[in-house]
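See structure below.
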Amino acid sequence: MSTVEAKTTPSEIIRKHKEFLFPAVAMYYQEPIALVRGEGHHVWDDQDNKYLDCFGGVLTVSVGHAHPKVTEAIINQVKTLQHTSTLYANKPQSDLAEKLYQITPGPLKKSFFTNSGTEADDTAIHAAKLATGRHEIVVLRHSYSGRSATALSAMGHAPWRPLLPQVAGFVHARAPYCYRCPFKLTYPECGLACADDMEELIMTTTTGEIAAFMAEPILGVGGFIVPPPGYFERAVEITRKHGGLFIADEVQTAWGRTGDKWFGIEHWDVQPDIITSAKGLGNGVPIGITVATEDVANKYPGLTFSTFGGNPVSMTAALAVIKVIEDENLRHNATEVGGYLRQRLEELKEKYAAIGDVRGMGLMQGLELVKDRETKEPAPETVAKVFEETRRRRVLIGKGGLYGNVIRTGLMLNSTRDHVDELIQALDAGFSSLSAN
Ligand SMILES: Cc1ncc(COP(=O)(O)O)c(C=O)c1O
């Protein structure tokens, strides 16, 4: 099949998906794709079409599909010990906890393992409430935290929030969304008005004393919104003034994704009391981590339990992923190749008026599409068109943003400039197809 030929054969996998899964389990593309195989930077669908995967199942395949070292470690562990529950210690769990102590910033020391980002965030929120004896949490508009009742109430996105009662205690601060500044100001003349506004938020909508401020260093689902320099320093200062802990939700931004650092928050001069992460740590194996200071962790009373938390297979996968990132210097590669990607995306912006903003860090780069650069009216339908064309070119990308108008890319941490060139070529074809229609 030629690389641009449209798929015609209906997929049995898709048919069953549509018949037997909740309709809410939405898939990308007018004709959804059923994946059957992955290797390195590529995936194959059930009709043997090969795609360059530039989204990694939402920034989760971090070092490549079926990375031989990660796969081998997983297989060996499955053959040795597959499950313990948290009622018994196991070596991979103890080793990963020690490793996280070594690579997380500052005094973060104690880990709690779960299966997903949702659980990691839930655990962090509970820990902050228990440690401070308070219940109010400041979160950001445009944030995403998962799908438990707590996480759904924390997030700042109407489209993801079902019509269910909310968990009380969350207040939503203005996002540091410079492209659509909530105060219609420009950085740095704005004087970080969005961060300053947190103080009024706390003083007007809470008891004045909060349990925590929880934020993603880059708002991922929100459309790769990168807070400006100084934002977290100011926001965390206000948080501490009102008795709160700082939780960095690193579900998308950890493991070198943002370049050079293990964690996205390390690009700002602040110290989290709790870090959560998931996704890229397992390279596709389910995992969630909540790492806290001793002080916070010690105030989390027993009994608590997670059947699959600390599962030796997930722990082994995570240790192998971290080793690959270290051995192959992938944090630096994210800076290098991410820098090149950024430059190529900026070139596309020069060429196509539909691109209103290019933003991100490292290998977490996105494009916000607009109908008009002056009005900045969101253009989700343009994203949809670019999506279909890039898919025809056998390149997979992601989308996001409150208005569904942001193209998100999350190339693997070991990507090369050639992968970037292939992605750019597909995007270029996608944008040029707009005028052809
Ligand atoms: C920043 C952030 N936090 C939490 C979550 C929830 O993670 P999960 O889907 O693994 O429950 C996500 C998922 O996309 C996320 O992006």
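In the structure tokens, chains take the letters A, B, ... in the order shown, each chain's residues start at 1, and ligands count up from 1 in the order shown.
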
message: Show me, as number ranges by chain, the residues that have an atom within 9 Å of range 49-66 of chain A when counting only C-alpha atoms, minus same-chain residues fewer than 6 positions from it.
response: A: 1, 3, 7, 37-43, 252-253, 255, 257, 278-285, 321, 324-325, 330, 364, 391, 393-398, 408-415, 419-420, 422-423

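Non-sequential neighbours of range 156-167 of chain A (distance at most 9 Å, separation of 2 or more positions within a chain, only C-alpha atoms) are A:Val139, A:Leu140, A:Arg141, A:His142, A:Ser143, A:Tyr144, A:Ser145, A:Arg147, A:Ala149, A:Thr150, A:Ala151, A:Leu152, A:Ser153, A:Ala154, A:Gly169, A:Phe170, A:His172, A:Gly222, A:Gly401, A:Leu402, A:Tyr403.
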
Those residues with C-alpha atoms, as a PDB file, in the first residue's frame please?
ATOM      1  CA  VAL A 139      -5.331  23.968  41.224  1.00  0.00           C
ATOM      2  CA  LEU A 140      -5.023  25.573  37.817  1.00  0.00           C
ATOM      3  CA  ARG A 141      -7.604  26.236  35.185  1.00  0.00           C
ATOM      4  CA  HIS A 142      -6.722  24.211  32.043  1.00  0.00           C
ATOM      5  CA  SER A 143      -5.119  21.507  34.205  1.00  0.00           C
ATOM      6  CA  TYR A 144      -5.806  17.781  33.944  1.00  0.00           C
ATOM      7  CA  SER A 145      -5.453  15.296  36.775  1.00  0.00           C
ATOM      8  CA  ARG A 147     -10.655  10.499  36.255  1.00  0.00           C
ATOM      9  CA  ALA A 149     -13.893  11.878  41.669  1.00  0.00           C
ATOM     10  CA  THR A 150     -11.072  13.844  43.270  1.00  0.00           C
ATOM     11  CA  ALA A 151      -9.088  14.236  40.051  1.00  0.00           C
ATOM     12  CA  LEU A 152     -12.167  15.198  38.058  1.00  0.00           C
ATOM     13  CA  SER A 153     -12.947  17.919  40.578  1.00  0.00           C
ATOM     14  CA  ALA A 154      -9.361  19.137  40.518  1.00  0.00           C
ATOM     15  CA  GLY A 169     -12.372  22.020  48.437  1.00  0.00           C
ATOM     16  CA  PHE A 170     -10.778  22.758  45.058  1.00  0.00           C
ATOM     17  CA  HIS A 172      -9.151  27.012  40.380  1.00  0.00           C
ATOM     18  CA  GLY A 222      -4.352  21.952  28.476  1.00  0.00           C
ATOM     19  CA  GLY A 401      -6.242  22.328  24.644  1.00  0.00           C
ATOM     20  CA  LEU A 402      -9.547  23.391  26.174  1.00  0.00           C
ATOM     21  CA  TYR A 403     -10.810  24.221  22.691  1.00  0.00           C
TER      22      TYR A 403
END

- prompt: DSSP on the backbone: what in range 188-320 of chain A comes out strand (DSSP E), as JSON, numbers by chain?
  reply: {"A": [212, 213, 214, 215, 245, 246, 247, 248, 249, 274, 275, 276, 277, 288, 289, 290, 291, 292, 293]}

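Residue nearest ligand 1 within the list A:Gln93, A:Ser116, A:Thr316, A:Thr293: A:Ser116 [criterion: smallest interatomic distance, only C-alpha atoms and all ligand atoms].
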
- request: Rounded to one decimal place, report the CA of Ala89 in chain A-CA of Val70 in chain A distance in Å.
  value: 22.0 Å

- prompt: Can you tell me, as a PyMOL selection string, what residues are no more than 10 Å from range 371-384 of chain A when counting only C-alpha atoms, ignoring any on the same chain fewer than 2 positions away?
  reply: chain A and resi 28-30+179-180+353-357+367-369+386-389+398-407+430-431+434

Writer output for current selection, N, CA and C atoms, as a JSON list (two decimals), in the first residue's frame:
[["chain", "number", "residue", "atom", "x", "y", "z"],
["A", 28, "TYR", "N", -9.07, 8.59, 18.11],
["A", 28, "TYR", "CA", -8.66, 9.61, 17.15],
["A", 28, "TYR", "C", -9.08, 9.19, 15.74],
["A", 29, "TYR", "N", -9.22, 10.16, 14.87],
["A", 29, "TYR", "CA", -9.39, 10.01, 13.42],
["A", 29, "TYR", "C", -10.81, 9.61, 13.02],
["A", 30, "GLN", "N", -11.19, 10.11, 11.81],
["A", 30, "GLN", "CA", -12.53, 9.78, 11.27],
["A", 30, "GLN", "C", -12.67, 8.27, 11.15],
["A", 179, "TYR", "N", -0.27, 33.06, 25.99],
["A", 179, "TYR", "CA", -0.85, 33.30, 24.67],
["A", 179, "TYR", "C", -2.29, 33.81, 24.79],
["A", 180, "ARG", "N", -2.98, 33.35, 25.82],
["A", 180, "ARG", "CA", -4.35, 33.83, 26.07],
["A", 180, "ARG", "C", -4.40, 34.37, 27.50],
["A", 353, "ALA", "N", -0.44, 30.85, 8.49],
["A", 353, "ALA", "CA", -1.10, 31.78, 9.42],
["A", 353, "ALA", "C", -1.98, 31.05, 10.42],
["A", 354, "ALA", "N", -2.33, 29.80, 10.11],
["A", 354, "ALA", "CA", -3.19, 29.03, 11.04],
["A", 354, "ALA", "C", -2.48, 28.75, 12.36],
["A", 355, "ILE", "N", -1.15, 28.83, 12.35],
["A", 355, "ILE", "CA", -0.41, 28.55, 13.59],
["A", 355, "ILE", "C", -0.28, 29.85, 14.39],
["A", 356, "GLY", "N", -0.99, 29.91, 15.50],
["A", 356, "GLY", "CA", -0.95, 31.12, 16.32],
["A", 356, "GLY", "C", 0.21, 31.11, 17.30],
["A", 357, "ASP", "N", 0.54, 29.94, 17.82],
["A", 357, "ASP", "CA", 1.58, 29.87, 18.85],
["A", 357, "ASP", "C", 2.33, 28.54, 18.75],
["A", 367, "LEU", "N", 1.52, 23.15, 18.90],
["A", 367, "LEU", "CA", 1.11, 24.26, 18.03],
["A", 367, "LEU", "C", -0.33, 24.61, 18.36],
["A", 368, "GLU", "N", -0.58, 25.87, 18.68],
["A", 368, "GLU", "CA", -1.98, 26.27, 18.89],
["A", 368, "GLU", "C", -2.51, 26.88, 17.60],
["A", 369, "LEU", "N", -3.59, 26.32, 17.09],
["A", 369, "LEU", "CA", -4.12, 26.76, 15.79],
["A", 369, "LEU", "C", -5.30, 27.71, 15.97],
["A", 386, "VAL", "N", -5.58, 18.70, 9.69],
["A", 386, "VAL", "CA", -4.15, 18.39, 9.72],
["A", 386, "VAL", "C", -3.96, 16.95, 10.22],
["A", 387, "PHE", "N", -4.78, 16.57, 11.16],
["A", 387, "PHE", "CA", -4.72, 15.21, 11.70],
["A", 387, "PHE", "C", -4.92, 14.18, 10.59],
["A", 388, "GLU", "N", -5.96, 14.38, 9.80],
["A", 388, "GLU", "CA", -6.26, 13.39, 8.76],
["A", 388, "GLU", "C", -5.14, 13.32, 7.73],
["A", 389, "GLU", "N", -4.58, 14.48, 7.38],
["A", 389, "GLU", "CA", -3.53, 14.47, 6.36],
["A", 389, "GLU", "C", -2.24, 13.83, 6.90],
["A", 398, "GLY", "N", -0.71, 14.17, 18.40],
["A", 398, "GLY", "CA", -1.76, 14.27, 19.41],
["A", 398, "GLY", "C", -2.43, 15.63, 19.38],
["A", 399, "LYS", "N", -3.54, 15.70, 20.10],
["A", 399, "LYS", "CA", -4.19, 17.01, 20.20],
["A", 399, "LYS", "C", -4.54, 17.32, 21.65],
["A", 400, "GLY", "N", -4.91, 18.56, 21.91],
["A", 400, "GLY", "CA", -5.27, 18.96, 23.27],
["A", 400, "GLY", "C", -5.76, 20.38, 23.29],
["A", 401, "GLY", "N", -5.75, 20.96, 24.48],
["A", 401, "GLY", "CA", -6.24, 22.33, 24.64],
["A", 401, "GLY", "C", -7.73, 22.32, 24.98],
["A", 402, "LEU", "N", -8.14, 23.28, 25.78],
["A", 402, "LEU", "CA", -9.55, 23.39, 26.17],
["A", 402, "LEU", "C", -10.47, 23.42, 24.96],
["A", 403, "TYR", "N", -9.98, 24.06, 23.88],
["A", 403, "TYR", "CA", -10.81, 24.22, 22.69],
["A", 403, "TYR", "C", -10.49, 23.16, 21.64],
["A", 404, "GLY", "N", -9.64, 22.21, 21.96],
["A", 404, "GLY", "CA", -9.27, 21.15, 21.01],
["A", 404, "GLY", "C", -8.49, 21.70, 19.83],
["A", 405, "ASN", "N", -7.82, 22.83, 20.02],
["A", 405, "ASN", "CA", -7.16, 23.48, 18.88],
["A", 405, "ASN", "C", -5.63, 23.46, 18.99],
["A", 406, "VAL", "N", -5.11, 22.53, 19.81],
["A", 406, "VAL", "CA", -3.64, 22.45, 19.95],
["A", 406, "VAL", "C", -3.16, 21.10, 19.44],
["A", 407, "ILE", "N", -2.17, 21.15, 18.54],
["A", 407, "ILE", "CA", -1.51, 19.91, 18.11],
["A", 407, "ILE", "C", -0.38, 19.65, 19.09],
["A", 430, "GLY", "N", 0.06, 18.63, 5.86],
["A", 430, "GLY", "CA", -1.24, 18.85, 6.50],
["A", 430, "GLY", "C", -1.68, 20.28, 6.37],
["A", 431, "PHE", "N", -0.77, 21.21, 6.64],
["A", 431, "PHE", "CA", -1.14, 22.64, 6.56],
["A", 431, "PHE", "C", -1.33, 23.08, 5.11],
["A", 434, "LEU", "N", -4.74, 22.49, 3.59],
["A", 434, "LEU", "CA", -5.85, 23.36, 4.00],
["A", 434, "LEU", "C", -6.25, 24.27, 2.86]]

DSSP alpha helix (DSSP H) residues within range 197-330 of chain A, as a PyMOL selection string: chain A and resi 197-205+231-241+294-298+312-327+330

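Distance annotation: of A:Val236, A:Ala127, A:Tyr177, A:Pro105, the residue with the minimal separation from Tyr300 in chain A is A:Ala127; atom set is only C-alpha atoms.
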
- request: Do a neighbour search on range 312-315 of chain A at 7 Å with only C-alpha atoms, toss out local chain neighbours closer than 4 positions, and write the hits as a ChimeraX atom specification.
  value: /A:74,77-78,81-83,90,92-93,96,282,285-287,319

Kindly export the residues of the current selection with C-alpha atoms, as a PDB file, in the first residue's frame.
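Once everything was written out, this is part_15.pdb:
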ATOM      1  CA  ILE A  74      10.097  -7.206  32.073  1.00  0.00           C
ATOM      2  CA  GLN A  77      10.756 -10.352  36.062  1.00  0.00           C
ATOM      3  CA  VAL A  78       7.503 -11.956  34.861  1.00  0.00           C
ATOM      4  CA  LEU A  81       7.956 -12.921  40.463  1.00  0.00           C
ATOM      5  CA  GLN A  82       4.934 -11.233  38.960  1.00  0.00           C
ATOM      6  CA  HIS A  83       2.961 -10.043  41.946  1.00  0.00           C
ATOM      7  CA  ASN A  90       9.965  -6.798  46.837  1.00  0.00           C
ATOM      8  CA  PRO A  92      12.383  -3.881  42.406  1.00  0.00           C
ATOM      9  CA  GLN A  93      10.036  -1.763  44.552  1.00  0.00           C
ATOM     10  CA  LEU A  96      12.982   2.031  42.555  1.00  0.00           C
ATOM     11  CA  GLY A 282       6.800   2.701  32.632  1.00  0.00           C
ATOM     12  CA  VAL A 285       3.577  -0.484  31.696  1.00  0.00           C
ATOM     13  CA  PRO A 286       0.945   0.875  34.130  1.00  0.00           C
ATOM     14  CA  ILE A 287       2.553   2.806  36.964  1.00  0.00           C
ATOM     15  CA  LEU A 319      14.102   0.862  36.721  1.00  0.00           C
TER      16      LEU A 319
END

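Note that CA of Leu348 in chain A and CA of Ser435 in chain A are 14.6 Å apart.
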
message: Which residues are close to Arg240 in chain A, i.e. within 9 Å by only C-alpha atoms, leaving aside same-chain residues fewer than 5 positions away? Reply as an MDAnalysis selection string.
response: chainID A and resid 210 212 235 245:246

Residue subset to file, keeping C-alpha atoms, as a PDB file, in the first residue's frame:
ATOM      1  CA  ILE A 210      -4.751  25.865  52.236  1.00  0.00           C
ATOM      2  CA  ALA A 212      -1.670  22.628  48.827  1.00  0.00           C
ATOM      3  CA  ALA A 235       2.968  31.040  43.141  1.00  0.00           C
ATOM      4  CA  LEU A 245       2.396  22.408  50.338  1.00  0.00           C
ATOM      5  CA  PHE A 246       3.444  22.437  46.705  1.00  0.00           C
TER       6      PHE A 246
END

Distance query range 182-191 of chain A at most 10 Å, only C-alpha atoms, self and fewer than 6 positions along chain excluded, as a PyMOL selection string: chain A and resi 174-176+197+228-231

- request: Do a neighbour search on Asp249 in chain A at 12 Å with only C-alpha atoms, toss out local chain neighbours closer than 3 positions, and write the hits as a PyMOL selection string.
  value: chain A and resi 117-125+139-140+143-146+151+154-155+213-220+246+252-254+263-265+272-279+288-291

query: When distances are computed from only C-alpha atoms and all ligand atoms, which of A:Ser111, A:Asn76, A:Glu233, A:Glu250 shows the smallest separation from ligand 1?
result: A:Glu250

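For the choices A:Gln365, A:Val221, A:Lys110, A:Glu199, the atom-to-atom distance to ligand 1 is smallest for A:Val221 when using only C-alpha atoms and all ligand atoms.
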
statement: If you count only C-alpha atoms and all ligand atoms, the residue of A:Gln271, A:Gln343, A:Thr258, A:Asn115 closest to ligand 1 turns out to be A:Asn115
